[in-house]
Amino acid sequence: MFSYRHAFHAGSHADVLKHTVLIALLRYLTEKETALTVVDTHAGAGLYRLDGDYAQTSGEAAEGIQKLTSGVAPADPLILDYLDVIGSFNKGAQKRVYPGSPFIAQALLRGHDRLKLFEMHPTDARALAGNVAQLEAGRQVTVARDDGFSSVRKLLPPPSRRGLVLCDPSYELKSDYGQVLDFVAEGLKRFATGTYAVWYPIIPRPEAHDLPRRLKTIATRAGKPWLHATLTIKRARPTIAARVDAEGGRAKRPGLTASGMFIVNPPYTLKAALQPALIEMAALLEQDKAAGYTLEAGG
Ligand SMILES: C[S@@+](CC[C@H](N)C(=O)[O-])C[C@H]1O[C@@H](n2cnc3c(N)ncnc32)[C@H](O)[C@@H]1O
């Protein structure tokens with residue numbers, strides 16, 4: 001446990017997908033004046049250096065955000081918004097700092113909105129607390145070194161009855177998949193109108209393969225609409241896939257080639273906005289003919 005460090009993966013293609021969707025969700029949910037509560041069950045360290053050792057060692061940002069900005073310029077509004085938000089953390093054109101989901105969310109929230117962060121890793125929880133302290137955001141942002149799955153339950157429903165829950169585990173443990181399913185099912189019982197966004201890796205592991213199908217069942221049984229987006233940048237090579245499995249899912253995540261975002265109670269506008277964004281994202285990040293996207297909705 002706790003070998004996963006998001007610093008290796010900051011700005012990867014998985015972050016591009018996850019954070020583009022997160023920003024689109026936040027833009028929509030902050031249109032209404034009523035206060036919004038955002039819960040990040042697996043927050044990470046909050047801020048990362050793309051020119052630091054971790055990112056340089058993994059090279060994942062080069063296949064993600066750096067690739068988006070080094071060739072044909074993106075034109076899709078959601079991708080441009082994503083790049084603008086990341087750019088706002090950087091002085092020049094070069095992206096040296098990469099904000100994780102807590103900092104992206106905080107940048108888009110209004111004064112009366114609330115952000116609740118959970119992070120278990122001792123080092124990352126300390127880094128997150130230190131980074132958040134620098135924001136001087138007062139009561140707007142809270143950080144807890146606690147289990148995101150169980151702690152969030154008592155926060156639902158939020159006082160204003162408007163909320164977004166991002167569930168982005170490291171999937172280091174096989175049990176994370178089951179915990180995600182239980183978490184969404186219970187969340188929908190406690191707070192049926194909340195928006196739930198789950199990120200997951202697409203790897204050759206039965207639990208990962210089953211996750212979206214089982215999330216669809218949970219949402220459908222609860223009578224809630226859902227949206228499911230995936231992004232693939234290259235073919236999964238069997239040797240790499242076997243290694244991923246042997247090393248325990250996303251713990252080291254060598255060669256992650258695809259990932260997905262599953263959203264329950266998405267904004268009704270999201271599917272139409274995401275479609276062209278995914279087309280462009282897949283085209284700009286593609287490394288071979290297996291690259292592509294999927295987008296499906298139901299409920
Ligand atoms: C994928 S990273 C989070 C990235 C972050 N959401 C972002 O987009 O910038 C997952 C994080 O969950 C943390 N973690 C693992 N198990 C946890 C748990 N049970 N509760 C809270 N955090 C956990 C890991 O230490 C890791 O930092």
# chains A, B, ... in the order shown; residues from 1 in each chain; ligands from 1
call {"tool": "select_by_dssp", "arguments": {"residues": "stretch 151-269 of chain A", "states": "alpha helix (DSSP H)", "output": "count of residues only"}}
result
43
call {"tool": "residues_near_ligand", "arguments": {"ligand": "ligand 1", "cutoff": "7 Å", "atoms": "only C-alpha atoms and all ligand atoms", "output": "ChimeraX atom specification"}}
result
/A:2,4-6,15,18-19,40-46,99-102,118-121,124,146-149,168-170
call {"tool": "closest_residue", "arguments": {"among": "A:Ala107, A:Ala258, A:Leu115, A:Leu50", "to": "A:Ile202", "atoms": "only C-alpha atoms"}}
result
A:Ala258
call {"tool": "atom_distance", "arguments": {"atom1": "atom CA of A:Asn265", "atom2": "atom CA of A:Thr195"}}
result
4.9 Å
call {"tool": "atom_distance", "arguments": {"atom1": "atom CA of A:Thr193", "atom2": "atom CA of A:Leu278"}}
result
26.1 Å
call {"tool": "atom_distance", "arguments": {"atom1": "atom CA of A:Arg162", "atom2": "atom CA of A:Leu108"}}
result
15.4 Å
call {"tool": "residues_around", "arguments": {"residues": "A:Ala297", "least_positions_apart": "6", "cutoff": "9 Å", "atoms": "only C-alpha atoms", "output": "MDAnalysis selection string"}}
result
chainID A and resid 225:229 271
call {"tool": "closest_residue", "arguments": {"among": "A:Ile23, A:Ala185, A:Leu231, A:Ile218", "to": "A:Ala282", "atoms": "only C-alpha atoms"}}
result
A:Leu231
call {"tool": "select_by_dssp", "arguments": {"residues": "stretch 100-168 of chain A", "states": "strand (DSSP E)", "output": "list in words"}}
result
Arg114, Leu115, Lys116, Leu117, Phe118, Val141, Thr142, Val143, Ala144, Gly163, Leu164, Val165, Leu166 and Cys167 of chain A
call {"tool": "residues_around", "arguments": {"residues": "A:Thr220", "least_positions_apart": "4", "cutoff": "6 Å", "atoms": "only C-alpha atoms", "output": "PyMOL selection string"}}
result
chain A and resi 216+224+299
call {"tool": "write_last_selection", "arguments": {"atoms": "C-alpha atoms", "output": "mmCIF file, in the first residue's frame"}}
result
data_model
loop_
_atom_site.group_PDB
_atom_site.id
_atom_site.type_symbol
_atom_site.label_atom_id
_atom_site.label_comp_id
_atom_site.auth_asym_id
_atom_site.auth_seq_id
_atom_site.Cartn_x
_atom_site.Cartn_y
_atom_site.Cartn_z
ATOM 1 C CA LYS A 216 -24.170 1.665 -15.102
ATOM 2 C CA LYS A 224 -30.146 8.329 -12.469
ATOM 3 C CA GLY A 299 -30.550 6.513 -17.734
#
call {"tool": "closest_residue", "arguments": {"among": "A:Ala10, A:Val38, A:Leu135, A:Ala73", "to": "A:Val97", "atoms": "only C-alpha atoms"}}
result
A:Ala10
